[in-house]
>>> print(open('protein.txt').read())   # compact mmCIF, C-alpha atoms and all ligand atoms
# COMPACT_ATOMS: atom_id res chain seq x y z
CA MET W 1 -7.82 -30.31 -11.96
CA SER W 2 -5.70 -33.44 -11.78
CA ARG W 3 -1.97 -33.57 -11.47
CA ILE W 4 -1.45 -34.57 -15.09
CA GLN W 5 -3.43 -31.51 -16.18
CA TYR W 6 -1.16 -29.21 -14.21
CA PHE W 7 1.79 -30.99 -15.73
CA ALA W 8 0.43 -30.46 -19.28
CA LEU W 9 -0.19 -26.79 -18.54
CA ALA W 10 3.39 -26.41 -17.29
CA ILE W 11 4.75 -28.04 -20.44
CA GLY W 12 2.59 -25.74 -22.53
CA PHE W 13 3.91 -22.64 -20.79
CA LEU W 14 7.49 -23.84 -21.06
CA LEU W 15 7.14 -24.48 -24.79
CA THR W 16 5.57 -21.06 -25.34
CA ILE W 17 8.50 -19.37 -23.66
CA VAL W 18 11.07 -21.41 -25.59
CA ILE W 19 9.42 -20.69 -28.96
CA PHE W 20 9.03 -17.03 -28.14
CA GLN W 21 12.69 -16.76 -27.15
CA LEU W 22 13.82 -18.52 -30.32
CA ILE W 23 11.88 -16.05 -32.45
CA ARG W 24 13.22 -13.11 -30.47
CA LYS W 25 16.78 -14.27 -31.04
CA LYS W 26 15.92 -14.74 -34.74
CA LYS W 27 16.81 -18.42 -34.57
CA LEU W 28 13.32 -19.46 -35.62
CA LYS W 29 11.48 -17.85 -38.51
CA GLU W 30 7.98 -16.62 -37.70
CA GLN W 31 6.52 -18.53 -40.62
CA TYR W 32 7.76 -21.84 -39.18
CA SER W 33 6.76 -21.03 -35.63
CA LEU W 34 3.05 -21.05 -36.44
CA LEU W 35 2.85 -24.85 -36.39
CA TRP W 36 4.59 -24.94 -33.03
CA PHE W 37 2.24 -22.39 -31.53
CA LEU W 38 -0.62 -24.47 -32.82
CA THR W 39 0.79 -27.46 -30.92
CA VAL W 40 0.97 -25.47 -27.73
CA ALA W 41 -2.59 -24.32 -28.23
CA VAL W 42 -3.75 -27.91 -28.60
CA ILE W 43 -1.88 -28.91 -25.44
CA PHE W 44 -3.57 -26.11 -23.49
CA VAL W 45 -7.02 -26.92 -24.76
CA LEU W 46 -6.71 -30.63 -24.00
CA ALA W 47 -5.21 -29.94 -20.56
CA VAL W 48 -8.04 -27.69 -19.50
CA TRP W 49 -10.90 -29.36 -21.31
CA GLU W 50 -10.58 -33.00 -20.31
CA ALA W 51 -13.98 -33.97 -21.67
CA LEU W 52 -12.88 -33.06 -25.19
CA LEU W 53 -10.25 -35.79 -25.26
CA ILE W 54 -12.79 -38.34 -24.06
CA LYS W 55 -15.23 -37.19 -26.71
CA ILE W 56 -12.58 -37.48 -29.41
CA SER W 57 -11.70 -40.98 -28.21
CA ASP W 58 -15.36 -41.94 -28.41
CA ILE W 59 -15.67 -40.61 -31.94
CA ILE W 60 -12.66 -42.49 -33.33
CA GLY W 61 -13.51 -45.54 -31.26
CA ILE W 62 -10.56 -45.60 -28.88
CA GLN W 63 -11.33 -46.94 -25.39
CA VAL W 64 -8.45 -45.36 -23.46
CA PRO W 65 -8.35 -41.55 -23.91
CA SER W 66 -4.59 -41.43 -23.42
CA ASN W 67 -4.24 -43.58 -26.54
CA ALA W 68 -6.17 -40.95 -28.45
CA LEU W 69 -3.65 -38.46 -27.18
CA PHE W 70 -0.80 -40.59 -28.49
CA LEU W 71 -2.52 -40.89 -31.85
CA LEU W 72 -2.98 -37.13 -32.07
CA ALA W 73 0.66 -36.56 -31.14
CA LEU W 74 1.78 -39.06 -33.76
CA LEU W 75 -0.36 -37.47 -36.45
CA PHE W 76 0.98 -34.10 -35.52
CA LEU W 77 4.60 -35.28 -35.78
CA PHE W 78 3.76 -36.76 -39.15
CA VAL W 79 2.40 -33.44 -40.42
CA MET W 80 5.45 -31.69 -39.03
CA ALA W 81 7.83 -34.08 -40.82
CA MET W 82 5.91 -33.65 -44.06
CA HIS W 83 6.04 -29.90 -43.68
CA PHE W 84 9.82 -30.04 -43.26
CA SER W 85 10.25 -32.39 -46.23
CA LEU W 86 8.47 -29.84 -48.38
CA ILE W 87 10.68 -27.05 -47.10
CA VAL W 88 13.84 -29.12 -47.61
CA SER W 89 12.80 -29.98 -51.17
CA ARG W 90 12.28 -26.35 -51.95
CA LEU W 91 15.59 -25.32 -50.40
CA THR W 92 17.40 -28.07 -52.31
CA ASP W 93 15.94 -26.78 -55.55
CA GLN W 94 16.90 -23.23 -54.73
CA SER W 95 20.46 -24.11 -53.77
CA LYS W 96 20.79 -26.14 -56.97
CA MET W 97 19.76 -23.15 -59.08
CA LEU W 98 22.13 -20.90 -57.17
CA ALA W 99 25.06 -23.29 -57.71
CA GLN W 100 24.26 -23.49 -61.43
CA LYS W 101 24.05 -19.72 -61.78
CA LEU W 102 27.30 -19.34 -59.89
CA ALA W 103 29.09 -21.83 -62.15
CA LEU W 104 27.92 -19.99 -65.27
CA MET W 105 28.81 -16.57 -63.88
CA GLU W 106 32.21 -17.70 -62.68
CA ARG W 107 33.02 -18.80 -66.20
CA ASP W 108 31.89 -15.43 -67.57
CA LEU W 109 34.09 -13.70 -65.06
CA ARG W 110 37.09 -15.82 -66.03
CA ARG W 111 36.52 -15.04 -69.69
CA ALA W 112 36.16 -11.30 -69.03
CA ARG W 113 39.41 -11.36 -67.05
CA GLU W 114 41.21 -13.19 -69.83
CA GLN W 115 39.95 -10.72 -72.41
CA ARG W 116 41.07 -7.78 -70.31
CA GLU W 117 44.51 -9.28 -69.87
CA GLN W 118 44.82 -9.78 -73.59
CA ALA W 119 43.68 -6.24 -74.32
CA GLY W 120 45.88 -4.59 -71.70
CA MET A 1 34.93 -37.53 -112.80
CA ALA A 2 31.35 -37.80 -111.68
CA GLY A 3 30.62 -40.19 -114.53
CA ALA A 4 32.96 -42.70 -113.01
CA PHE A 5 30.46 -43.47 -110.28
CA PRO A 6 27.20 -45.31 -110.87
CA PRO A 7 24.26 -42.86 -110.42
CA GLN A 8 23.19 -44.21 -107.04
CA LYS A 9 26.63 -43.83 -105.57
CA ARG A 10 26.88 -40.35 -106.96
CA ARG A 11 23.69 -39.31 -105.26
CA ALA A 12 24.92 -40.75 -102.00
CA GLY A 13 28.12 -38.79 -102.45
CA ALA A 14 26.23 -35.57 -103.02
CA GLN A 15 24.11 -36.19 -99.94
CA MET A 16 27.27 -36.73 -97.99
CA LEU A 17 28.55 -33.36 -99.16
CA VAL A 18 25.34 -31.63 -98.12
CA ARG A 19 25.57 -33.36 -94.78
CA GLU A 20 29.16 -32.37 -94.23
CA HIS A 21 28.32 -28.81 -95.11
CA ALA A 22 25.39 -28.83 -92.69
CA MET A 23 27.64 -30.21 -90.00
CA GLU A 24 30.06 -27.37 -90.54
CA THR A 25 27.41 -24.71 -90.16
CA GLN A 26 26.00 -26.20 -86.96
CA LYS A 27 27.40 -25.02 -83.66
CA ILE A 28 28.19 -28.15 -81.70
CA ILE A 29 29.21 -28.61 -78.08
CA VAL A 30 30.27 -31.71 -76.18
CA ILE A 31 29.15 -31.59 -72.53
CA VAL A 32 31.29 -33.77 -70.28
CA PRO A 33 30.07 -34.36 -66.72
CA ALA A 34 33.07 -35.05 -64.52
CA TYR A 35 33.35 -35.85 -60.84
CA GLU A 36 36.78 -36.80 -59.50
CA GLU A 37 38.07 -37.69 -62.97
CA ALA A 38 41.57 -36.18 -62.76
CA ALA A 39 42.99 -39.46 -64.04
CA ASN A 40 40.80 -39.52 -67.15
CA ILE A 41 39.78 -36.01 -68.15
CA ALA A 42 42.84 -35.08 -70.22
CA GLY A 43 42.49 -38.24 -72.30
CA VAL A 44 38.80 -37.53 -72.87
CA ILE A 45 39.52 -34.00 -74.09
CA GLU A 46 42.22 -35.24 -76.50
CA ASP A 47 39.91 -38.00 -77.72
CA ILE A 48 37.16 -35.52 -78.57
CA ARG A 49 39.52 -33.03 -80.15
CA GLY A 50 41.19 -35.73 -82.27
CA ASN A 51 37.95 -37.25 -83.51
CA PHE A 52 35.64 -34.28 -83.78
CA PRO A 53 37.55 -31.01 -83.96
CA ALA A 54 34.42 -29.14 -85.09
CA ALA A 55 32.91 -29.35 -81.61
CA ASP A 56 33.62 -27.17 -78.59
CA ILE A 57 34.33 -29.02 -75.36
CA LEU A 58 32.69 -28.15 -72.04
CA ILE A 59 33.77 -29.94 -68.89
CA VAL A 60 31.30 -29.63 -66.02
CA ASP A 61 33.35 -30.12 -62.88
CA ASP A 62 30.84 -31.03 -60.21
CA GLY A 63 32.70 -30.05 -57.04
CA SER A 64 35.63 -32.42 -57.59
CA SER A 65 38.42 -32.23 -55.03
CA ASP A 66 41.09 -33.82 -57.21
CA GLY A 67 41.70 -30.90 -59.57
CA THR A 68 39.60 -32.24 -62.46
CA GLY A 69 38.56 -28.73 -63.52
CA LYS A 70 42.09 -27.34 -63.41
CA ILE A 71 43.45 -30.10 -65.62
CA ALA A 72 40.59 -29.52 -68.07
CA LEU A 73 41.41 -25.80 -68.22
CA GLN A 74 45.08 -26.57 -68.83
CA HIS A 75 44.03 -28.72 -71.77
CA GLY A 76 42.15 -25.84 -73.30
CA ALA A 77 38.58 -26.98 -72.62
CA GLU A 78 35.81 -24.68 -71.48
CA VAL A 79 35.07 -25.42 -67.82
CA LEU A 80 32.08 -24.85 -65.55
CA THR A 81 32.95 -25.26 -61.89
CA ILE A 82 30.02 -26.11 -59.66
CA PRO A 83 30.85 -25.11 -56.06
CA PHE A 84 29.64 -28.36 -54.48
CA ASN A 85 28.58 -31.76 -55.76
CA LEU A 86 25.11 -31.45 -57.27
CA GLY A 87 24.87 -34.85 -58.90
CA ILE A 88 25.37 -35.74 -62.53
CA GLY A 89 21.90 -34.67 -63.67
CA SER A 90 22.14 -31.11 -62.40
CA ALA A 91 25.71 -30.87 -63.69
CA VAL A 92 24.64 -31.90 -67.17
CA GLN A 93 21.69 -29.51 -66.94
CA THR A 94 24.11 -26.66 -66.25
CA GLY A 95 25.88 -27.71 -69.44
CA TYR A 96 22.62 -27.50 -71.37
CA GLN A 97 21.93 -24.07 -69.89
CA TYR A 98 25.35 -22.97 -71.12
CA ALA A 99 24.73 -24.47 -74.56
CA LEU A 100 21.39 -22.69 -74.84
CA ARG A 101 22.81 -19.36 -73.74
CA GLU A 102 25.79 -19.58 -76.12
CA GLY A 103 23.59 -20.46 -79.08
CA TYR A 104 24.60 -24.04 -79.80
CA ASP A 105 22.47 -26.06 -82.22
CA ILE A 106 23.59 -29.47 -81.08
CA ALA A 107 24.79 -30.74 -77.70
CA ILE A 108 26.44 -34.07 -77.08
CA GLN A 109 26.76 -35.70 -73.69
CA LEU A 110 29.87 -37.82 -73.17
CA ASP A 111 31.15 -39.27 -69.87
CA GLY A 112 34.32 -37.93 -68.32
CA ASP A 113 35.65 -41.37 -67.44
CA GLY A 114 36.86 -42.20 -70.95
CA GLN A 115 34.37 -45.01 -71.50
CA HIS A 116 32.61 -43.28 -74.39
CA ASP A 117 34.53 -43.46 -77.66
CA ALA A 118 34.66 -40.05 -79.35
CA SER A 119 35.19 -41.62 -82.77
CA PHE A 120 31.40 -42.19 -82.77
CA LEU A 121 30.66 -38.47 -82.49
CA PRO A 122 30.10 -37.81 -86.22
CA GLU A 123 27.69 -40.76 -86.35
CA MET A 124 25.86 -39.50 -83.26
CA VAL A 125 25.38 -36.06 -84.77
CA SER A 126 24.38 -36.93 -88.30
CA PRO A 127 20.78 -38.09 -87.58
CA LEU A 128 20.22 -34.72 -85.88
CA VAL A 129 21.68 -32.78 -88.78
CA ASN A 130 19.46 -34.74 -91.17
CA GLY A 131 16.42 -33.99 -89.05
CA GLU A 132 15.69 -37.69 -88.46
CA CYS A 133 15.18 -37.24 -84.73
CA ASP A 134 15.70 -34.90 -81.77
CA LEU A 135 17.74 -37.17 -79.51
CA VAL A 136 20.34 -39.77 -80.48
CA LEU A 137 21.13 -42.44 -77.92
CA GLY A 138 24.39 -44.37 -78.14
CA SER A 139 23.63 -47.99 -77.31
CA ARG A 140 26.34 -50.50 -76.39
CA TYR A 141 23.84 -53.33 -76.77
CA LEU A 142 23.15 -52.71 -80.45
CA ALA A 143 26.81 -53.10 -81.31
CA GLY A 144 28.94 -56.21 -81.15
CA GLY A 145 31.90 -56.20 -78.77
CA GLY A 146 33.11 -53.56 -76.33
CA TYR A 147 32.35 -53.05 -72.64
CA LYS A 148 28.81 -54.03 -71.70
CA GLY A 149 28.82 -53.03 -68.03
CA ALA A 150 28.88 -55.04 -64.80
CA ARG A 151 26.38 -57.90 -64.64
CA GLY A 152 24.07 -56.34 -62.03
CA ARG A 153 24.06 -53.09 -63.91
CA ARG A 154 23.22 -54.93 -67.09
CA ALA A 155 20.20 -56.56 -65.48
CA GLY A 156 18.94 -53.23 -64.14
CA THR A 157 19.45 -51.59 -67.52
CA ALA A 158 17.60 -54.42 -69.26
CA PHE A 159 14.65 -54.00 -66.90
CA PHE A 160 14.49 -50.23 -67.45
CA SER A 161 14.93 -50.61 -71.19
CA TRP A 162 12.04 -53.07 -71.29
CA THR A 163 9.77 -50.81 -69.21
CA LEU A 164 10.77 -47.74 -71.17
CA SER A 165 10.21 -49.49 -74.49
CA LEU A 166 6.66 -50.21 -73.36
CA LEU A 167 6.02 -46.61 -72.30
CA LEU A 168 7.61 -45.12 -75.41
CA GLY A 169 6.10 -47.59 -77.84
CA GLN A 170 9.58 -47.86 -79.34
CA LYS A 171 12.43 -50.23 -78.71
CA VAL A 172 15.16 -48.89 -76.42
CA THR A 173 18.10 -51.17 -75.59
CA ASP A 174 20.48 -49.01 -73.54
CA SER A 175 18.28 -46.76 -71.40
CA THR A 176 21.04 -45.97 -68.89
CA SER A 177 23.60 -44.90 -71.48
CA GLY A 178 24.95 -41.41 -70.82
CA PHE A 179 26.22 -41.13 -74.39
CA ARG A 180 23.67 -39.02 -76.26
CA ALA A 181 23.32 -36.14 -78.70
CA VAL A 182 20.42 -33.70 -78.92
CA ASN A 183 19.18 -30.82 -81.08
CA LEU A 184 18.13 -27.33 -80.03
CA GLU A 185 14.61 -28.38 -79.09
CA ALA A 186 15.95 -30.89 -76.61
CA ILE A 187 18.61 -28.46 -75.37
CA GLU A 188 15.81 -26.04 -74.51
CA LEU A 189 13.85 -28.74 -72.73
CA PHE A 190 16.79 -30.08 -70.70
CA ALA A 191 18.08 -26.61 -69.77
CA ALA A 192 14.73 -25.97 -68.11
CA ASP A 193 13.97 -29.40 -66.70
CA TYR A 194 16.33 -32.28 -65.96
CA PRO A 195 16.37 -34.91 -63.22
CA ARG A 196 18.98 -34.32 -60.53
CA ASP A 197 20.57 -37.72 -60.03
CA TYR A 198 20.49 -40.95 -62.04
CA PRO A 199 18.88 -38.94 -64.83
CA GLU A 200 19.41 -41.18 -67.86
CA VAL A 201 16.18 -43.16 -67.98
CA GLU A 202 13.99 -40.35 -66.74
CA ALA A 203 15.38 -37.88 -69.27
CA LEU A 204 14.34 -40.20 -72.10
CA LEU A 205 10.82 -40.36 -70.75
CA LEU A 206 10.81 -36.59 -70.37
CA ALA A 207 11.86 -36.23 -74.00
CA HIS A 208 9.15 -38.63 -75.08
CA VAL A 209 6.45 -36.86 -73.07
CA THR A 210 7.53 -33.62 -74.74
CA ARG A 211 7.05 -35.37 -78.10
CA LEU A 212 10.72 -35.46 -79.06
CA LYS A 213 11.85 -38.22 -81.38
CA ILE A 214 14.47 -40.63 -80.09
CA LYS A 215 16.80 -42.77 -82.16
CA GLU A 216 19.27 -45.35 -80.95
CA ILE A 217 22.51 -46.07 -82.76
CA PRO A 218 25.14 -48.71 -81.98
CA VAL A 219 28.32 -47.61 -80.20
CA THR A 220 31.03 -49.56 -78.44
CA MET A 221 32.15 -48.54 -74.97
CA ARG A 222 35.42 -49.08 -73.17
CA GLU A 223 36.26 -50.32 -69.73
CA ARG A 224 37.28 -47.68 -67.19
CA THR A 225 41.04 -47.09 -67.23
CA GLY A 226 41.36 -44.86 -64.17
CA GLY A 227 39.37 -43.30 -61.35
CA LYS A 228 36.47 -45.26 -59.91
CA SER A 229 32.88 -45.98 -60.80
CA SER A 230 30.27 -44.07 -58.86
CA ILE A 231 27.94 -47.06 -58.97
CA ASN A 232 27.89 -49.50 -56.03
CA LEU A 233 25.36 -51.88 -54.50
CA PHE A 234 23.58 -49.38 -52.28
CA ARG A 235 23.47 -46.79 -55.03
CA SER A 236 22.15 -49.38 -57.47
CA ALA A 237 19.25 -50.10 -55.13
CA TYR A 238 18.51 -46.39 -54.81
CA TYR A 239 18.87 -46.06 -58.58
CA MET A 240 16.31 -48.82 -59.18
CA VAL A 241 13.74 -47.40 -56.76
CA LYS A 242 14.19 -43.80 -57.87
CA VAL A 243 13.98 -44.52 -61.56
CA PHE A 244 11.05 -46.85 -61.09
CA LEU A 245 9.17 -44.15 -59.20
CA ALA A 246 10.13 -41.61 -61.85
CA LEU A 247 8.77 -43.90 -64.55
CA ILE A 248 5.44 -44.26 -62.77
CA VAL A 249 5.17 -40.51 -62.16
CA GLY A 250 6.26 -39.78 -65.71
CA PHE A 251 3.72 -42.21 -67.05
CA SER A 252 0.90 -40.64 -65.06
CA ARG A 253 1.97 -37.25 -66.42
CA ARG A 254 1.84 -38.65 -69.93
CA ARG A 255 -1.69 -39.91 -69.32
CA ALA A 256 -2.64 -36.48 -68.02
CA SER A 257 -1.16 -34.65 -71.00
CA ARG A 258 -2.98 -37.01 -73.37
CA ALA A 259 -6.29 -36.42 -71.65
CA GLU A 260 -5.97 -32.67 -72.17
N1 LIG E 301 28.80 -34.02 -62.56
C1 LIG E 301 28.86 -35.20 -61.99
N2 LIG E 301 29.29 -36.20 -62.69
C2 LIG E 301 29.35 -37.39 -62.10
C3 LIG E 301 28.96 -37.63 -60.76
N3 LIG E 301 29.14 -38.94 -60.50
C4 LIG E 301 29.61 -39.48 -61.62
N4 LIG E 301 29.77 -38.54 -62.58
C5 LIG E 301 30.28 -38.67 -63.96
O1 LIG E 301 29.37 -39.45 -64.68
C6 LIG E 301 30.03 -40.28 -65.60
C7 LIG E 301 29.63 -41.71 -65.41
O2 LIG E 301 29.93 -42.12 -64.12
P1 LIG E 301 30.33 -43.61 -63.79
O3 LIG E 301 30.65 -43.66 -62.34
O4 LIG E 301 31.39 -44.09 -64.73
O5 LIG E 301 28.98 -44.38 -64.04
P2 LIG E 301 28.61 -45.31 -65.26
O6 LIG E 301 29.45 -45.00 -66.45
O7 LIG E 301 27.14 -45.18 -65.42
O8 LIG E 301 28.90 -46.75 -64.69
P3 LIG E 301 30.11 -47.75 -65.01
O9 LIG E 301 29.54 -48.74 -65.98
O10 LIG E 301 30.48 -48.35 -63.70
O11 LIG E 301 31.22 -46.95 -65.59
C8 LIG E 301 31.51 -40.00 -65.40
O12 LIG E 301 31.90 -39.07 -66.38
C9 LIG E 301 31.58 -39.42 -64.02
O13 LIG E 301 32.64 -38.51 -63.89
C10 LIG E 301 28.48 -36.50 -60.02
O14 LIG E 301 28.13 -36.57 -58.87
N5 LIG E 301 28.45 -35.31 -60.68
MG MG E 302 31.41 -45.02 -66.53
>>> encode(input="protein.txt", output="structure tokens")
Amino acid sequence: MSRIQYFALAIGFLLTIVIFQLIRKKKLKEQYSLLWFLTVAVIFVLAVWEALLIKISDIIGIQVPSNALFLLALLFLFVMAMHFSLIVSRLTDQSKMLAQKLALMERDLRRAREQREQAG
Amino acid sequence: MAGAFPPQKRRAGAQMLVREHAMETQKIIVIVPAYEEAANIAGVIEDIRGNFPAADILIVDDGSSDGTGKIALQHGAEVLTIPFNLGIGSAVQTGYQYALREGYDIAIQLDGDGQHDASFLPEMVSPLVNGECDLVLGSRYLAGGGYKGARGRRAGTAFFSWTLSLLLGQKVTDSTSGFRAVNLEAIELFAADYPRDYPEVEALLLAHVTRLKIKEIPVTMRERTGGKSSINLFRSAYYMVKVFLALIVGFSRRRASRAE
């Protein structure tokens, strides 16, 4: 194995530990960690199986395998960003509905208080 | 007495009576979106009360920090306080949700900055009462005089009005006007679905896609007397892009619903 492969393996291990720790401390939700574990898996596979990267480069027509790696990384980041946009959109919607409900309920509460004051 | 009027006039008078009676039996609410409008809100409430006492007034305070909601409460209006700024669309939508829940037949939207003249309220409501349409749009470009908006804004509005007229197959002159009145059908629609920010143009398209009938009537608007406009150059650019995208998406939805 070449030096770069060892380096990739080290990075992979490091990432695994970090993600695992984040989940253990409940800072990262399991459902969002799946994509990150997938990344680590890809890093491991490519580090160990060098020929795969060359094959992939051949298939998409890239001469330098490292460029294929960059492309893959870029695509991955793109998917990640998309994934987060979707989550943010959903959260925005949910927080909007909560704020609306709260505004309506607060008014009901105020009215109930006023009515009680009048009665008592 | 009745004989004193020529027959045509008499009929018109009778219709007027029917209309007035109908207006009295309808439950009407004026929804006022307000963000940092402490300087204007009291005047707006008095304006509505003076011109259209039949209507209840709901101020939707969208996370203002200048005490807008408190002033509105002191002036006897109903107030919804949204805990943080949601944007005018979601604020107005909360108003529609309230209107639906409290059983209103007609809801009117009127800006909290005092630019919309409440003396037009009876005219805004009457096409709804007569069943002529589901949504009445107050247009400052159909009327002579009054405030017409900053020049850039006018150009943007003209562009949207032109595009919207094409999509709706009906002439719309003031697509970005926030002065509008709607019936129960539209209240139901908007309570469930309303664009979050810069909602004016998109809401019209939404109404059209849902097969609601829109009618424009002339109104005059005033210049702002206090507070400050939320529209600036950067926001205008965002406004243009967002609404344009919304129009395209809305149009594709219309095509889809037709194909069904
Ligand atoms: N709820 C809510 N209302 C808002 C917000 N921003 C503006 N408004 C209200 O929307 C109304 C119209 O806002 P303006 O800033 O006057 O915009 P405009 O009337 O379209 O533009 P001008 O021609 O410059 O007056 C006013 O009643 C504002 O208080 C917001 O973030 N939330
Ligand atoms: Mg204004």
>>> interface_residues(input="protein.txt", of="chain A", to="chain W", cutoff="8 Å", atoms="all atoms listed in the file", output="compact mmCIF listing (two decimals) with C-alpha atoms, keeping the file's coordinate frame")
# COMPACT_ATOMS: atom_id res chain seq x y z
CA VAL A 79 35.07 -25.42 -67.82
CA LEU A 80 32.08 -24.85 -65.55
CA THR A 81 32.95 -25.26 -61.89
CA ILE A 82 30.02 -26.11 -59.66
CA PRO A 83 30.85 -25.11 -56.06
CA PHE A 84 29.64 -28.36 -54.48
CA LEU A 86 25.11 -31.45 -57.27
CA SER A 90 22.14 -31.11 -62.40
CA ALA A 91 25.71 -30.87 -63.69
CA THR A 94 24.11 -26.66 -66.25
CA TYR A 98 25.35 -22.97 -71.12
>>> residues_near_ligand(input="protein.txt", ligand="ligand MG 302 (chain E)", cutoff="12 Å", atoms="only C-alpha atoms and all ligand atoms", output="PyMOL selection string")
chain A and resi 32-35+37+40+88+110-117+147-150+153+176-179+221-232
>>> axis_aligned_box(input="protein.txt", around="stretch 72-77 of chain W", padding_each_side="3 Å", output="lines of an AutoDock Vina configuration file")
center_x = 0.8
center_y = -36.6
center_z = -33.8
size_x = 13.6
size_y = 11.0
size_z = 11.3
>>> atom_distance(input="protein.txt", atom1="atom CA of A:Ala191", atom2="atom CA of A:Ala42")
26.2 Å
>>> closest_residue(input="protein.txt", among="A:Ser252, A:Asn183, A:Gln26, A:Thr68", to="A:Ala107", atoms="only C-alpha atoms")
A:Asn183
>>> residues_around(input="protein.txt", residues="A:Ala118", least_positions_apart="4", cutoff="10 Å", atoms="all atoms listed in the file", output="ChimeraX atom specification")
/A:30,44-52,110,114,122-124,179,219,221
>>> write_last_selection(input="protein.txt", atoms="C-alpha atoms", output="short mmCIF file (atom, residue, chain, number, x, y, z; two decimals), keeping the file's coordinate frame")
data_model
loop_
_atom_site.label_atom_id
_atom_site.label_comp_id
_atom_site.auth_asym_id
_atom_site.auth_seq_id
_atom_site.Cartn_x
_atom_site.Cartn_y
_atom_site.Cartn_z
CA VAL A 30 30.27 -31.71 -76.18
CA VAL A 44 38.80 -37.53 -72.87
CA ILE A 45 39.52 -34.00 -74.09
CA GLU A 46 42.22 -35.24 -76.50
CA ASP A 47 39.91 -38.00 -77.72
CA ILE A 48 37.16 -35.52 -78.57
CA ARG A 49 39.52 -33.03 -80.15
CA GLY A 50 41.19 -35.73 -82.27
CA ASN A 51 37.95 -37.25 -83.51
CA PHE A 52 35.64 -34.28 -83.78
CA LEU A 110 29.87 -37.82 -73.17
CA GLY A 114 36.86 -42.20 -70.95
CA PRO A 122 30.10 -37.81 -86.22
CA GLU A 123 27.69 -40.76 -86.35
CA MET A 124 25.86 -39.50 -83.26
CA PHE A 179 26.22 -41.13 -74.39
CA VAL A 219 28.32 -47.61 -80.20
CA MET A 221 32.15 -48.54 -74.97
#
>>> atom_distance(input="protein.txt", atom1="atom CA of A:Gly95", atom2="atom CA of A:Phe159")
28.7 Å
>>> atom_distance(input="protein.txt", atom1="atom CA of A:Ser65", atom2="atom CA of A:Gly87")
14.3 Å
>>> build_atoms(input="protein.txt", residues="stretch 34-44 of chain A", atoms="N, CA, C and O atoms", output="PDB file, in the coordinates of the input")
ATOM      1  N   ALA A  34      31.881 -34.448 -65.106  1.00  0.00           N
ATOM      2  CA  ALA A  34      33.070 -35.050 -64.520  1.00  0.00           C
ATOM      3  C   ALA A  34      33.098 -34.849 -63.019  1.00  0.00           C
ATOM      4  O   ALA A  34      32.991 -33.724 -62.532  1.00  0.00           O
ATOM      5  N   TYR A  35      33.203 -35.918 -62.287  1.00  0.00           N
ATOM      6  CA  TYR A  35      33.350 -35.850 -60.840  1.00  0.00           C
ATOM      7  C   TYR A  35      34.534 -36.718 -60.435  1.00  0.00           C
ATOM      8  O   TYR A  35      34.503 -37.922 -60.653  1.00  0.00           O
ATOM      9  N   GLU A  36      35.555 -36.108 -59.897  1.00  0.00           N
ATOM     10  CA  GLU A  36      36.780 -36.800 -59.500  1.00  0.00           C
ATOM     11  C   GLU A  36      37.349 -37.621 -60.659  1.00  0.00           C
ATOM     12  O   GLU A  36      37.578 -38.812 -60.535  1.00  0.00           O
ATOM     13  N   GLU A  37      37.556 -36.981 -61.791  1.00  0.00           N
ATOM     14  CA  GLU A  37      38.070 -37.690 -62.970  1.00  0.00           C
ATOM     15  C   GLU A  37      39.433 -37.154 -63.390  1.00  0.00           C
ATOM     16  O   GLU A  37      39.763 -37.130 -64.577  1.00  0.00           O
ATOM     17  N   ALA A  38      40.249 -36.726 -62.424  1.00  0.00           N
ATOM     18  CA  ALA A  38      41.570 -36.180 -62.760  1.00  0.00           C
ATOM     19  C   ALA A  38      42.393 -37.162 -63.590  1.00  0.00           C
ATOM     20  O   ALA A  38      43.178 -36.770 -64.454  1.00  0.00           O
ATOM     21  N   ALA A  39      42.191 -38.448 -63.347  1.00  0.00           N
ATOM     22  CA  ALA A  39      42.990 -39.460 -64.040  1.00  0.00           C
ATOM     23  C   ALA A  39      42.570 -39.614 -65.509  1.00  0.00           C
ATOM     24  O   ALA A  39      43.350 -40.082 -66.328  1.00  0.00           O
ATOM     25  N   ASN A  40      41.327 -39.229 -65.816  1.00  0.00           N
ATOM     26  CA  ASN A  40      40.800 -39.520 -67.150  1.00  0.00           C
ATOM     27  C   ASN A  40      40.558 -38.299 -68.028  1.00  0.00           C
ATOM     28  O   ASN A  40      40.490 -38.412 -69.255  1.00  0.00           O
ATOM     29  N   ILE A  41      40.368 -37.129 -67.420  1.00  0.00           N
ATOM     30  CA  ILE A  41      39.780 -36.010 -68.150  1.00  0.00           C
ATOM     31  C   ILE A  41      40.642 -35.535 -69.324  1.00  0.00           C
ATOM     32  O   ILE A  41      40.122 -35.218 -70.394  1.00  0.00           O
ATOM     33  N   ALA A  42      41.967 -35.536 -69.133  1.00  0.00           N
ATOM     34  CA  ALA A  42      42.840 -35.080 -70.220  1.00  0.00           C
ATOM     35  C   ALA A  42      42.689 -35.978 -71.445  1.00  0.00           C
ATOM     36  O   ALA A  42      42.567 -35.498 -72.580  1.00  0.00           O
ATOM     37  N   GLY A  43      42.659 -37.280 -71.209  1.00  0.00           N
ATOM     38  CA  GLY A  43      42.490 -38.240 -72.300  1.00  0.00           C
ATOM     39  C   GLY A  43      41.179 -38.028 -73.034  1.00  0.00           C
ATOM     40  O   GLY A  43      41.108 -38.107 -74.261  1.00  0.00           O
ATOM     41  N   VAL A  44      40.118 -37.745 -72.262  1.00  0.00           N
ATOM     42  CA  VAL A  44      38.800 -37.530 -72.870  1.00  0.00           C
ATOM     43  C   VAL A  44      38.830 -36.305 -73.782  1.00  0.00           C
ATOM     44  O   VAL A  44      38.324 -36.335 -74.908  1.00  0.00           O
TER      45      VAL A  44
END
